[in-house]
Amino acid sequence: MSVLVFTENWDGKFKKLSFELASYASKVAEMLNTNAVALSIGNVDESELKKLGNYGVKKIVNINNDALKNLDDRAYTSVIAEIAQKESSEVIILSNNNMGKGLAPRLSVRLKAAIGAGVSQLPLSTSPFTVYKRAFSGNAFAHLELKTGVKIITLAQNSFELIETANGASVENFSVNVDASNIKVQVKDVQKQTGKILITDAEIVVSGGRGMKSPDNWEPLVELANLLGAATACSRPVSDEGWRSHEEHTGQTGKIIAPNLYFAIGISGATQHIAGVSSSKYIVAINTDKDAPIFGAAQYGIIGDASKVLPKLVEAVKEVKGK
Amino acid sequence: MKILVCISNVPDTTTKVKFVEGNTKLDTTGIQWVINPWDELSLTRALELKDDASTGVKSVSVAHVGSIAAEPTIRKALAIGADDAIRVNAEPADAYYVASQLAEVIKKEQFDIVICGIESSDFNGSTVGSMLSELLDYPSVSAVSSLKIENGQVVISREIDGGKEIVHVSTPFVAVVQKGIAKEPRIAAMRGIMMARTKPIKLYEPIAVEPLTQVVSFEMPKPRASCKFVDAENPKQLIELLQNEAKVI
Ligand SMILES: Cc1cc2nc3c(=O)[nH]c(=O)nc-3n(C[C@H](O)[C@H](O)[C@H](O)COP(=O)(O)OP(=O)(O)OC[C@H]3O[C@@H](n4cnc5c(N)ncnc54)[C@H](O)[C@@H]3O)c2cc1C
Ligand SMILES: Nc1ncnc2c1ncn2[C@@H]1O[C@H](COP(=O)(O)O)[C@@H](O)[C@H]1O
């Protein structure tokens with residue numbers, strides 16, 4: 001038996017979510033009295049692979065195959081299923097990000113394994129196997145029983161702390177046969193976002209809404225984000241108007257995020273916006289309207305004009321951080 | 001080329017959800033049901049492709065797994081412009097159940113492009129689309145933010161975590177779509193509403209499928225601590241609170 005965790009890397013370095021997944025998988029393995037095994041697909045060197053051991057994984061299966069350079073959901077599913085069977089995995093854990101959302105449901109069908117998607121805590125119980133997941137766009141949570149022998153969990157990003165332990169991990173290099181003629185998805189071009197912090201990875205996100213008034217007023221908001229090492233985001237009307245890029249739109253129909261700290265500046269707090277940010281640990285709202293619904297979701301608030309408050313906040317951060 | 005858009009029927013996005021029967025079921029009283037926002041955008045994109053003769057898209061159908069209560073939602077899709085509809089007459093027990101029903105119908109009806117949304121706003125499963133592709137053994141592309149047909153070739157832009165990829169895929173396939181696929185949902189015009197009344201809704205009876213999951217109960221989110229206000233003239237106090245009390249910066 002084992003708990004298998006599917007990791008992701010970016011240019012040979014594990015994404016932070018891989019360590020979150022490893023920490024989570026190790027805890028699930030503990031609940032089941034077994035070990036966590038990680039699967040890495042890609043060109044990742046031994047010292048990087050071993051880092052997964054810091055988060056409790058006991059074994060790392062490493063697959064480096066040119067045919068898997070690009071993501072083909074079908075080909076990847078076959079590989080993960082093969083390793084899950086080889087390791088007799090009872091639980092398989094992936095991220096609830098773009099890649100995980102594509103692969104987990106395929107695996108579910110392939111292995112006849114029930115899936116709990118967007119899980120944000122350790123399983124509530126292992127027998128029956130019940131998980132805690134988001135429902136109704138964050139307006140409720142469901143206790144969902146996974147009724148099959150093998151179970152799949154996709155973990156909501158940023159919902160589980162990293163837990164470091166003594167490293168006792170071994171690396172096993174494994175080769176798989178990939179039938180290249182079976183790969184139907186061909187990648188023609190890749191446009192990597194460089195230099196910017198990804199909204200979905202960021203621990204702090206600074207977000208602006210229509211209350212920012214004009215695309216020309218964003219400078220202090222961006223400066224605040226830079227000072228805090230934060231990503232920038234926006235409400236839907238702001239991206240619809242083309243004030244900010246579509247990648248920044250958060251909410252029910254945009255990105256769903258769970259940073260430690262979310263600044264909502266000039267955002268009214270419509271349910272569809274809150275749906276994307278309600279899992280943030282802390283929300284700070286800045287708004288001229290004391291009755292704006294965003295204050296109902298926030299722990300800290302300033303009633304005031306963003307164009308006046310933001311420059312002062314920037315100064316305050318500089319002072320406090322001694323810059 | 002034939003396109004199928006799978007639509008789920010969900011409570012309007014502003015609904016204040018409540019539960020009944022020991023928190024096991026959604027209280028449906030007073031709920032207004034709508035086409036899942038993603039599916040409305042998928043339908044819009046499918047119709048845009050059909051409007052452009054160069055794409056070779058001849059028809060756009062919609063499919064729904066659900067009881068007769070969902071017919072107004074299906075009619076709405078027809079009013080927006082879908083040519084015809086399919087309904088599998090069954091309560092959607094779980095994602096695997098729904099995907100299995102859809103797969104069965106698709107095997108019989110044959111489509112070139114099947115579009116699903118990234119998630120239903122009710123249960124937030126994010127699973128039906130990719131499950132469906134596996135059941136059909138079709139290729140799938142997820143996180144699709146743009147879908148074009150150029151000289152008979154499907155050209156997709158998909159979001160990866162940290163950028164974008166342009167990919168080609170052969171038909172038939174399943175696209176799981178997200179933000180960007182269409183800008184604004186198309187709205188039904190009076191003419192469309194009239195025409196929708198006579199468009200066909202083909203009825204299928206469900207096949208026997210055992211769901212893989214079961215909702216034990218629902219619970220409401222924990223109430224958040226009430227908001228602590230800081231004077232607008234003194235934002236420094238906010239930074240101090242974030243540093244010393246919340247310990248997040
Ligand atoms: C199906 C559907 C899906 C949707 N999905 C999303 C989604 O994913 N994300 C999303 O964001 N929205 C979404 N929406 C839209 C949503 O309903 C709201 O319209 C939107 O979130 C409002 O954006 P806003 O808060 O920026 O603007 P507004 O609602 O216009 O709010 C502006 C706020 O700024 C304040 N303000 C004004 N001037 C100032 C100032 N000088 N300083 C500080 N504050 C000021 C105002 O008091 C107000 O509270 C969706 C809607 C639908 C129907
Ligand atoms: N009952 C249903 N009937 C038809 N399509 C559905 C149904 N439920 C979900 N879908 C499709 O699957 C997508 C993702 O839904 P879900 O996996 O439930 O989050 C939706 O956007 C629809 O395209």
# chains A, B, ... in the order shown; residues from 1 in each chain; ligands from 1
call {"tool": "residues_near_ligand", "arguments": {"ligand": "ligand 1", "cutoff": "7 Å", "atoms": "only C-alpha atoms and all ligand atoms", "output": "short mmCIF file (atom, residue, chain, number, x, y, z; two decimals) with N, CA and C atoms, in the first residue's frame"}}
result
data_model
loop_
_atom_site.label_atom_id
_atom_site.label_comp_id
_atom_site.auth_asym_id
_atom_site.auth_seq_id
_atom_site.Cartn_x
_atom_site.Cartn_y
_atom_site.Cartn_z
N GLY A 208 -7.24 45.22 -7.29
CA GLY A 208 -7.98 46.46 -7.45
C GLY A 208 -9.27 46.27 -8.21
N GLY A 209 -10.27 47.09 -7.89
CA GLY A 209 -11.55 47.02 -8.58
C GLY A 209 -11.89 48.32 -9.25
N ARG A 210 -13.15 48.47 -9.60
CA ARG A 210 -13.60 49.64 -10.34
C ARG A 210 -13.37 50.92 -9.54
N GLY A 211 -13.30 50.78 -8.21
CA GLY A 211 -13.03 51.94 -7.36
C GLY A 211 -11.65 52.54 -7.58
N MET A 212 -10.81 51.87 -8.35
CA MET A 212 -9.51 52.45 -8.71
C MET A 212 -9.68 53.54 -9.76
N LYS A 213 -10.87 53.57 -10.33
CA LYS A 213 -11.30 54.67 -11.21
C LYS A 213 -10.73 54.70 -12.64
N CYS A 234 -7.22 41.64 -10.00
CA CYS A 234 -8.27 42.63 -10.21
C CYS A 234 -9.65 41.97 -10.23
N SER A 235 -10.68 42.79 -10.19
CA SER A 235 -12.04 42.27 -10.30
C SER A 235 -12.38 42.11 -11.78
N ARG A 236 -13.50 41.45 -12.04
CA ARG A 236 -13.85 41.16 -13.43
C ARG A 236 -14.07 42.41 -14.29
N PRO A 237 -14.84 43.41 -13.81
CA PRO A 237 -15.04 44.58 -14.68
C PRO A 237 -13.72 45.22 -15.10
N VAL A 238 -12.75 45.19 -14.20
CA VAL A 238 -11.46 45.80 -14.49
C VAL A 238 -10.77 45.09 -15.66
N HIS A 249 -7.73 38.50 -13.37
CA HIS A 249 -9.13 38.46 -12.90
C HIS A 249 -9.34 37.33 -11.88
N THR A 250 -9.77 37.72 -10.68
CA THR A 250 -10.07 36.72 -9.66
C THR A 250 -11.57 36.66 -9.44
N GLY A 251 -12.05 35.51 -8.99
CA GLY A 251 -13.47 35.36 -8.72
C GLY A 251 -13.99 34.08 -9.30
N GLN A 252 -15.28 33.93 -9.20
CA GLN A 252 -15.91 32.70 -9.63
C GLN A 252 -15.57 32.34 -11.07
N THR A 253 -15.57 33.33 -11.96
CA THR A 253 -15.28 33.03 -13.36
C THR A 253 -13.84 33.40 -13.72
N GLY A 254 -13.03 33.70 -12.73
CA GLY A 254 -11.62 33.99 -12.98
C GLY A 254 -10.78 33.00 -12.20
N ILE A 265 -9.01 46.41 -3.03
CA ILE A 265 -8.97 47.87 -3.04
C ILE A 265 -9.95 48.41 -4.07
N GLY A 266 -10.97 49.11 -3.60
CA GLY A 266 -12.00 49.61 -4.52
C GLY A 266 -12.79 48.48 -5.16
N ILE A 267 -12.99 47.42 -4.38
CA ILE A 267 -13.78 46.26 -4.84
C ILE A 267 -14.99 46.15 -3.93
N SER A 268 -16.19 46.08 -4.53
CA SER A 268 -17.40 46.13 -3.70
C SER A 268 -17.61 44.84 -2.90
N GLY A 269 -17.14 43.70 -3.46
CA GLY A 269 -17.32 42.44 -2.75
C GLY A 269 -18.57 41.69 -3.18
N ALA A 270 -18.86 41.70 -4.48
CA ALA A 270 -19.98 40.91 -5.02
C ALA A 270 -19.72 39.43 -4.73
N THR A 271 -20.80 38.65 -4.56
CA THR A 271 -20.62 37.23 -4.22
C THR A 271 -19.70 36.53 -5.23
N GLN A 272 -19.82 36.91 -6.50
CA GLN A 272 -18.99 36.23 -7.51
C GLN A 272 -17.52 36.56 -7.33
N HIS A 273 -17.24 37.72 -6.79
CA HIS A 273 -15.83 38.05 -6.53
C HIS A 273 -15.35 37.30 -5.29
N GLY A 276 -14.06 33.71 -5.35
CA GLY A 276 -12.70 33.38 -5.76
C GLY A 276 -11.65 33.66 -4.72
N ILE A 286 -10.22 48.12 1.33
CA ILE A 286 -10.13 49.58 1.33
C ILE A 286 -11.22 50.09 0.41
N ASN A 287 -12.15 50.87 0.96
CA ASN A 287 -13.33 51.25 0.18
C ASN A 287 -13.92 52.53 0.76
N THR A 288 -14.45 53.38 -0.11
CA THR A 288 -15.06 54.64 0.37
C THR A 288 -16.42 54.39 1.03
N ASP A 289 -17.03 53.24 0.69
CA ASP A 289 -18.40 52.99 1.16
C ASP A 289 -18.36 52.07 2.37
N ALA A 292 -20.05 48.69 2.03
CA ALA A 292 -19.68 47.77 0.96
C ALA A 292 -19.61 46.34 1.51
N GLY A 304 -12.01 54.69 3.09
CA GLY A 304 -11.30 55.83 2.54
C GLY A 304 -11.09 55.71 1.06
N ASP A 305 -10.58 56.78 0.49
CA ASP A 305 -10.37 56.88 -0.94
C ASP A 305 -9.03 56.20 -1.30
N ALA A 306 -9.10 55.21 -2.17
CA ALA A 306 -7.91 54.44 -2.52
C ALA A 306 -6.78 55.33 -3.01
N SER A 307 -7.13 56.38 -3.76
CA SER A 307 -6.07 57.20 -4.34
C SER A 307 -5.30 57.96 -3.25
N THR B 13 -25.90 32.63 -9.53
CA THR B 13 -24.66 32.81 -8.75
C THR B 13 -24.80 33.68 -7.51
N PRO B 37 -22.34 29.36 -15.66
CA PRO B 37 -21.70 30.45 -16.40
C PRO B 37 -20.67 30.00 -17.45
#
call {"tool": "closest_atom_pairs", "arguments": {"of": "stretch 122-174 of chain B", "to": "stretch 47-71 of chain A", "cutoff": "10 Å", "atoms": "only C-alpha atoms", "output": "CSV"}}
result
residue,atom,partner,partner_atom,distance
B:Val141,CA,A:Leu71,CA,9.3
B:Ile160,CA,A:Leu71,CA,9.6
B:Glu165,CA,A:Asn70,CA,9.9
call {"tool": "write_last_selection", "arguments": {"atoms": "C-alpha atoms", "output": "tab-separated table (two decimals), in the first residue's frame"}}
result
chain	number	residue	atom	x	y	z
B	141	VAL	CA	-7.34	19.72	-23.66
B	160	ILE	CA	-0.53	26.32	-17.96
B	165	GLU	CA	0.51	27.17	-24.75
call {"tool": "residues_near_ligand", "arguments": {"ligand": "ligand 2", "cutoff": "8 Å", "atoms": "only C-alpha atoms and all ligand atoms", "output": "PyMOL selection string"}}
result
chain B and resi 5-9+36-39+63-66+91-92+94-95+98-99+102+115-129+176
call {"tool": "closest_residue", "arguments": {"among": "B:Met220, B:Val174, B:Leu238, B:Ile156", "to": "B:Lys18", "atoms": "only C-alpha atoms"}}
result
B:Met220
call {"tool": "interface_residues", "arguments": {"of": "chain A", "to": "chain B", "cutoff": "7 Å", "atoms": "only C-alpha atoms", "output": "MDAnalysis selection string"}}
result
chainID A and resid 73:74 98 101:102 105:106 109 114 117 134:137 139:148 184:193 198 253:254 260:261 271:272 295:304 309 312:313 316:317
call {"tool": "residues_around", "arguments": {"residues": "stretch 215-232 of chain A", "least_positions_apart": "3", "cutoff": "7 Å", "atoms": "only C-alpha atoms", "output": "MDAnalysis selection string"}}
result
chainID A and resid 197:199 202:207 212 243 248 310:311 314
call {"tool": "atom_distance", "arguments": {"atom1": "atom CA of A:Gly118", "atom2": "atom CA of A:Asp72"}}
result
22.0 Å
call {"tool": "atom_distance", "arguments": {"atom1": "atom CA of A:Pro123", "atom2": "atom CA of B:Lys25"}}
result
21.3 Å
call {"tool": "closest_residue", "arguments": {"among": "B:Ser42, B:Ile207, B:Asn244, B:Glu150", "to": "B:Ser61", "atoms": "only C-alpha atoms"}}
result
B:Ser42
call {"tool": "residues_around", "arguments": {"residues": "B:Thr44", "least_positions_apart": "2", "cutoff": "6 Å", "atoms": "only C-alpha atoms", "output": "list of chain:residue names"}}
result
B:Leu41, B:Ser42, B:Ala46, B:Leu47, B:Pro185, B:Arg186
call {"tool": "write_last_selection", "arguments": {"atoms": "N, CA and C atoms", "output": "PDB file, in the first residue's frame"}}
result
ATOM      1  N   LEU B  41     -20.760  30.526 -21.680  1.00  0.00           N
ATOM      2  CA  LEU B  41     -19.661  31.068 -22.480  1.00  0.00           C
ATOM      3  C   LEU B  41     -19.240  30.076 -23.569  1.00  0.00           C
ATOM      4  N   SER B  42     -19.225  28.774 -23.234  1.00  0.00           N
ATOM      5  CA  SER B  42     -18.873  27.746 -24.231  1.00  0.00           C
ATOM      6  C   SER B  42     -19.864  27.783 -25.378  1.00  0.00           C
ATOM      7  N   ALA B  46     -19.188  28.437 -29.280  1.00  0.00           N
ATOM      8  CA  ALA B  46     -19.580  27.455 -30.299  1.00  0.00           C
ATOM      9  C   ALA B  46     -20.419  28.142 -31.381  1.00  0.00           C
ATOM     10  N   LEU B  47     -21.308  29.035 -30.958  1.00  0.00           N
ATOM     11  CA  LEU B  47     -22.170  29.725 -31.929  1.00  0.00           C
ATOM     12  C   LEU B  47     -21.365  30.708 -32.775  1.00  0.00           C
ATOM     13  N   PRO B 185     -21.445  36.439 -22.427  1.00  0.00           N
ATOM     14  CA  PRO B 185     -22.385  35.433 -22.907  1.00  0.00           C
ATOM     15  C   PRO B 185     -23.405  36.036 -23.871  1.00  0.00           C
ATOM     16  N   ARG B 186     -23.746  35.273 -24.892  1.00  0.00           N
ATOM     17  CA  ARG B 186     -24.745  35.736 -25.844  1.00  0.00           C
ATOM     18  C   ARG B 186     -26.117  35.716 -25.165  1.00  0.00           C
TER      19      ARG B 186
END
call {"tool": "select_by_dssp", "arguments": {"residues": "stretch 66-276 of chain A", "states": "strand (DSSP E or B)", "output": "compact mmCIF listing (two decimals) with N, CA, C and O atoms, in the first residue's frame"}}
result
# COMPACT_ATOMS: atom_id res chain seq x y z
N SER A 89 -0.97 1.97 -4.83
CA SER A 89 -1.41 3.18 -4.14
C SER A 89 -2.89 3.12 -3.83
O SER A 89 -3.70 2.82 -4.70
N GLU A 90 -3.20 3.45 -2.60
CA GLU A 90 -4.60 3.47 -2.19
C GLU A 90 -5.18 4.86 -2.37
O GLU A 90 -6.37 5.03 -2.62
N VAL A 91 -4.33 5.85 -2.22
CA VAL A 91 -4.76 7.24 -2.41
C VAL A 91 -3.78 7.90 -3.37
O VAL A 91 -2.56 7.72 -3.24
N ILE A 92 -4.31 8.66 -4.32
CA ILE A 92 -3.47 9.40 -5.26
C ILE A 92 -3.81 10.88 -5.10
O ILE A 92 -4.98 11.25 -5.11
N ILE A 93 -2.78 11.70 -4.95
CA ILE A 93 -3.00 13.11 -4.67
C ILE A 93 -2.38 13.98 -5.75
O ILE A 93 -1.21 13.80 -6.11
N LEU A 94 -3.18 14.90 -6.27
CA LEU A 94 -2.69 15.86 -7.27
C LEU A 94 -3.12 17.26 -6.82
O LEU A 94 -3.93 17.41 -5.91
N SER A 95 -2.60 18.27 -7.48
CA SER A 95 -3.02 19.63 -7.17
C SER A 95 -4.34 19.91 -7.88
O SER A 95 -4.61 19.37 -8.94
N ALA A 114 -12.84 6.91 -6.95
CA ALA A 114 -13.65 8.10 -6.67
C ALA A 114 -12.74 9.30 -6.47
O ALA A 114 -11.60 9.17 -6.03
N ILE A 115 -13.26 10.47 -6.81
CA ILE A 115 -12.42 11.65 -6.73
C ILE A 115 -13.06 12.71 -5.83
O ILE A 115 -14.26 12.96 -5.89
N GLY A 116 -12.24 13.31 -5.00
CA GLY A 116 -12.64 14.46 -4.21
C GLY A 116 -11.83 15.64 -4.73
O GLY A 116 -10.61 15.65 -4.57
N ALA A 117 -12.49 16.61 -5.37
CA ALA A 117 -11.76 17.70 -6.02
C ALA A 117 -11.84 18.98 -5.21
O ALA A 117 -12.89 19.31 -4.66
N GLY A 118 -10.72 19.67 -5.10
CA GLY A 118 -10.72 20.94 -4.38
C GLY A 118 -10.80 20.74 -2.88
O GLY A 118 -11.45 21.49 -2.16
N VAL A 119 -10.09 19.70 -2.39
CA VAL A 119 -10.09 19.40 -0.96
C VAL A 119 -9.15 20.37 -0.26
O VAL A 119 -8.10 20.73 -0.79
N SER A 125 -12.22 11.31 7.77
CA SER A 125 -12.03 9.96 8.30
C SER A 125 -11.51 9.09 7.17
O SER A 125 -11.67 9.43 6.00
N THR A 126 -10.87 7.97 7.54
CA THR A 126 -10.34 7.11 6.49
C THR A 126 -11.22 5.88 6.28
O THR A 126 -11.07 5.17 5.30
N PHE A 129 -13.98 6.66 3.90
CA PHE A 129 -13.02 7.68 3.50
C PHE A 129 -13.79 8.94 3.10
O PHE A 129 -14.45 8.99 2.06
N THR A 130 -13.73 9.95 3.97
CA THR A 130 -14.54 11.15 3.75
C THR A 130 -13.65 12.39 3.70
O THR A 130 -12.82 12.58 4.59
N VAL A 131 -13.85 13.19 2.67
CA VAL A 131 -13.03 14.40 2.53
C VAL A 131 -13.90 15.65 2.66
O VAL A 131 -15.13 15.59 2.60
N TYR A 132 -13.22 16.76 2.86
CA TYR A 132 -13.86 18.05 3.10
C TYR A 132 -13.56 18.91 1.89
O TYR A 132 -12.40 19.19 1.60
N LYS A 133 -14.58 19.29 1.14
CA LYS A 133 -14.32 20.04 -0.09
C LYS A 133 -15.24 21.25 -0.23
O LYS A 133 -16.33 21.29 0.32
N ARG A 134 -14.76 22.18 -1.02
CA ARG A 134 -15.48 23.39 -1.33
C ARG A 134 -16.72 23.07 -2.17
O ARG A 134 -16.68 22.20 -3.03
N ALA A 135 -17.81 23.78 -1.91
CA ALA A 135 -19.01 23.61 -2.74
C ALA A 135 -19.71 24.96 -2.85
O ALA A 135 -19.46 25.87 -2.06
N ALA A 140 -20.39 27.11 0.76
CA ALA A 140 -20.62 25.96 1.62
C ALA A 140 -19.45 24.99 1.45
O ALA A 140 -18.60 25.16 0.57
N PHE A 141 -19.41 23.98 2.32
CA PHE A 141 -18.44 22.90 2.19
C PHE A 141 -19.18 21.58 2.26
O PHE A 141 -20.23 21.49 2.89
N ALA A 142 -18.65 20.60 1.56
CA ALA A 142 -19.31 19.29 1.57
C ALA A 142 -18.41 18.26 2.24
O ALA A 142 -17.18 18.33 2.13
N HIS A 143 -19.04 17.34 2.97
CA HIS A 143 -18.34 16.14 3.44
C HIS A 143 -18.67 15.09 2.40
O HIS A 143 -19.83 14.70 2.24
N LEU A 144 -17.67 14.65 1.67
CA LEU A 144 -17.90 13.76 0.55
C LEU A 144 -17.25 12.42 0.81
O LEU A 144 -16.04 12.35 1.09
N GLU A 145 -18.05 11.37 0.72
CA GLU A 145 -17.50 10.03 0.90
C GLU A 145 -17.01 9.49 -0.44
O GLU A 145 -17.74 9.51 -1.44
N LEU A 146 -15.77 9.01 -0.44
CA LEU A 146 -15.20 8.39 -1.64
C LEU A 146 -15.35 6.88 -1.43
O LEU A 146 -14.74 6.31 -0.53
N LYS A 151 -8.64 5.92 -4.07
CA LYS A 151 -9.26 7.25 -4.01
C LYS A 151 -8.31 8.28 -4.60
O LYS A 151 -7.09 8.16 -4.48
N ILE A 152 -8.91 9.33 -5.18
CA ILE A 152 -8.11 10.42 -5.72
C ILE A 152 -8.52 11.72 -5.04
O ILE A 152 -9.72 11.97 -4.85
N ILE A 153 -7.50 12.49 -4.66
CA ILE A 153 -7.78 13.79 -4.04
C ILE A 153 -7.05 14.85 -4.85
O ILE A 153 -5.88 14.68 -5.18
N THR A 154 -7.74 15.96 -5.19
CA THR A 154 -7.00 17.11 -5.68
C THR A 154 -7.05 18.17 -4.58
O THR A 154 -8.12 18.51 -4.06
N LEU A 155 -5.87 18.64 -4.23
CA LEU A 155 -5.73 19.55 -3.09
C LEU A 155 -5.77 21.00 -3.56
O LEU A 155 -5.05 21.38 -4.48
N SER A 170 14.45 7.93 -0.80
CA SER A 170 15.30 7.33 -1.84
C SER A 170 14.71 7.66 -3.20
O SER A 170 13.51 7.85 -3.33
N VAL A 171 15.59 7.73 -4.20
CA VAL A 171 15.12 8.03 -5.55
C VAL A 171 15.22 6.78 -6.41
O VAL A 171 16.22 6.09 -6.40
N GLU A 172 14.15 6.48 -7.12
CA GLU A 172 14.18 5.35 -8.05
C GLU A 172 13.95 5.88 -9.46
O GLU A 172 12.91 6.48 -9.74
N ASN A 173 14.92 5.68 -10.33
CA ASN A 173 14.72 6.09 -11.72
C ASN A 173 13.94 5.01 -12.44
O ASN A 173 14.29 3.83 -12.36
N VAL A 185 -2.12 15.61 -28.75
CA VAL A 185 -2.08 17.04 -28.46
C VAL A 185 -0.68 17.54 -28.77
O VAL A 185 0.29 17.07 -28.19
N GLN A 186 -0.58 18.44 -29.75
CA GLN A 186 0.74 18.94 -30.14
C GLN A 186 0.93 20.38 -29.74
O GLN A 186 0.12 21.23 -30.09
N VAL A 187 1.99 20.62 -28.98
CA VAL A 187 2.24 21.99 -28.53
C VAL A 187 3.02 22.73 -29.61
O VAL A 187 4.08 22.30 -30.03
N LYS A 188 2.47 23.84 -30.08
CA LYS A 188 3.10 24.60 -31.17
C LYS A 188 3.89 25.78 -30.64
O LYS A 188 4.80 26.26 -31.29
N ASP A 189 3.50 26.28 -29.50
CA ASP A 189 4.16 27.47 -28.98
C ASP A 189 3.94 27.56 -27.47
O ASP A 189 2.87 27.20 -26.98
N VAL A 190 4.94 28.02 -26.77
CA VAL A 190 4.81 28.21 -25.32
C VAL A 190 5.14 29.65 -25.00
O VAL A 190 6.17 30.16 -25.43
N GLN A 191 4.25 30.31 -24.30
CA GLN A 191 4.53 31.68 -23.86
C GLN A 191 4.61 31.67 -22.36
O GLN A 191 3.61 31.63 -21.67
N LYS A 192 5.85 31.65 -21.87
CA LYS A 192 6.02 31.58 -20.42
C LYS A 192 5.96 32.97 -19.82
O LYS A 192 6.50 33.92 -20.38
N ILE A 204 0.78 36.69 -0.92
CA ILE A 204 0.06 37.96 -0.76
C ILE A 204 -0.41 38.40 -2.14
O ILE A 204 0.34 38.31 -3.11
N VAL A 205 -1.65 38.84 -2.23
CA VAL A 205 -2.19 39.33 -3.50
C VAL A 205 -2.82 40.70 -3.27
O VAL A 205 -3.59 40.88 -2.33
N VAL A 206 -2.44 41.66 -4.11
CA VAL A 206 -3.01 43.01 -4.01
C VAL A 206 -3.90 43.22 -5.23
O VAL A 206 -3.45 43.13 -6.36
N SER A 207 -5.19 43.47 -4.95
CA SER A 207 -6.17 43.45 -6.03
C SER A 207 -6.97 44.75 -6.07
O SER A 207 -7.32 45.31 -5.04
N GLY A 208 -7.24 45.22 -7.29
CA GLY A 208 -7.98 46.46 -7.45
C GLY A 208 -9.27 46.27 -8.21
O GLY A 208 -9.36 45.41 -9.08
N ALA A 231 1.60 39.30 -5.67
CA ALA A 231 1.09 39.34 -7.04
C ALA A 231 -0.03 40.36 -7.12
O ALA A 231 -0.64 40.69 -6.10
N THR A 232 -0.30 40.87 -8.32
CA THR A 232 -1.40 41.80 -8.48
C THR A 232 -2.59 41.09 -9.12
O THR A 232 -2.43 40.14 -9.89
N ALA A 233 -3.80 41.55 -8.76
CA ALA A 233 -5.01 40.94 -9.29
C ALA A 233 -6.05 42.03 -9.49
O ALA A 233 -5.79 43.20 -9.21
N CYS A 234 -7.22 41.64 -10.00
CA CYS A 234 -8.27 42.63 -10.21
C CYS A 234 -9.65 41.97 -10.23
O CYS A 234 -9.76 40.75 -10.30
N HIS A 249 -7.73 38.50 -13.37
CA HIS A 249 -9.13 38.46 -12.90
C HIS A 249 -9.34 37.33 -11.88
O HIS A 249 -9.14 36.17 -12.16
N THR A 250 -9.77 37.72 -10.68
CA THR A 250 -10.07 36.72 -9.66
C THR A 250 -11.57 36.66 -9.44
O THR A 250 -12.29 37.63 -9.68
N LYS A 255 -9.74 33.50 -11.55
CA LYS A 255 -8.89 32.60 -10.76
C LYS A 255 -9.43 32.48 -9.35
O LYS A 255 -9.93 33.43 -8.77
N LEU A 261 -2.83 36.56 2.49
CA LEU A 261 -3.32 37.92 2.65
C LEU A 261 -3.81 38.45 1.30
O LEU A 261 -3.08 38.38 0.31
N TYR A 262 -5.04 38.98 1.29
CA TYR A 262 -5.63 39.51 0.07
C TYR A 262 -6.08 40.95 0.31
O TYR A 262 -6.85 41.21 1.24
N PHE A 263 -5.56 41.87 -0.47
CA PHE A 263 -6.00 43.26 -0.39
C PHE A 263 -7.07 43.49 -1.45
O PHE A 263 -6.80 43.31 -2.65
N ALA A 264 -8.27 43.91 -1.05
CA ALA A 264 -9.33 44.24 -2.01
C ALA A 264 -9.49 45.76 -1.98
O ALA A 264 -10.03 46.32 -1.03
N ILE A 265 -9.01 46.41 -3.03
CA ILE A 265 -8.97 47.87 -3.04
C ILE A 265 -9.95 48.41 -4.07
O ILE A 265 -9.82 48.13 -5.27
call {"tool": "select_by_dssp", "arguments": {"residues": "stretch 211-241 of chain B", "states": "helix (DSSP H, G or I)", "output": "count of residues only"}}
result
6
call {"tool": "closest_residue", "arguments": {"among": "A:Leu32, A:Val37, A:Leu17, A:Leu124", "to": "A:Ile80", "atoms": "only C-alpha atoms"}}
result
A:Val37
call {"tool": "closest_residue", "arguments": {"among": "B:Met190, B:Leu49, B:Leu4, B:Leu203", "to": "B:Gln110", "atoms": "only C-alpha atoms"}}
result
B:Leu4
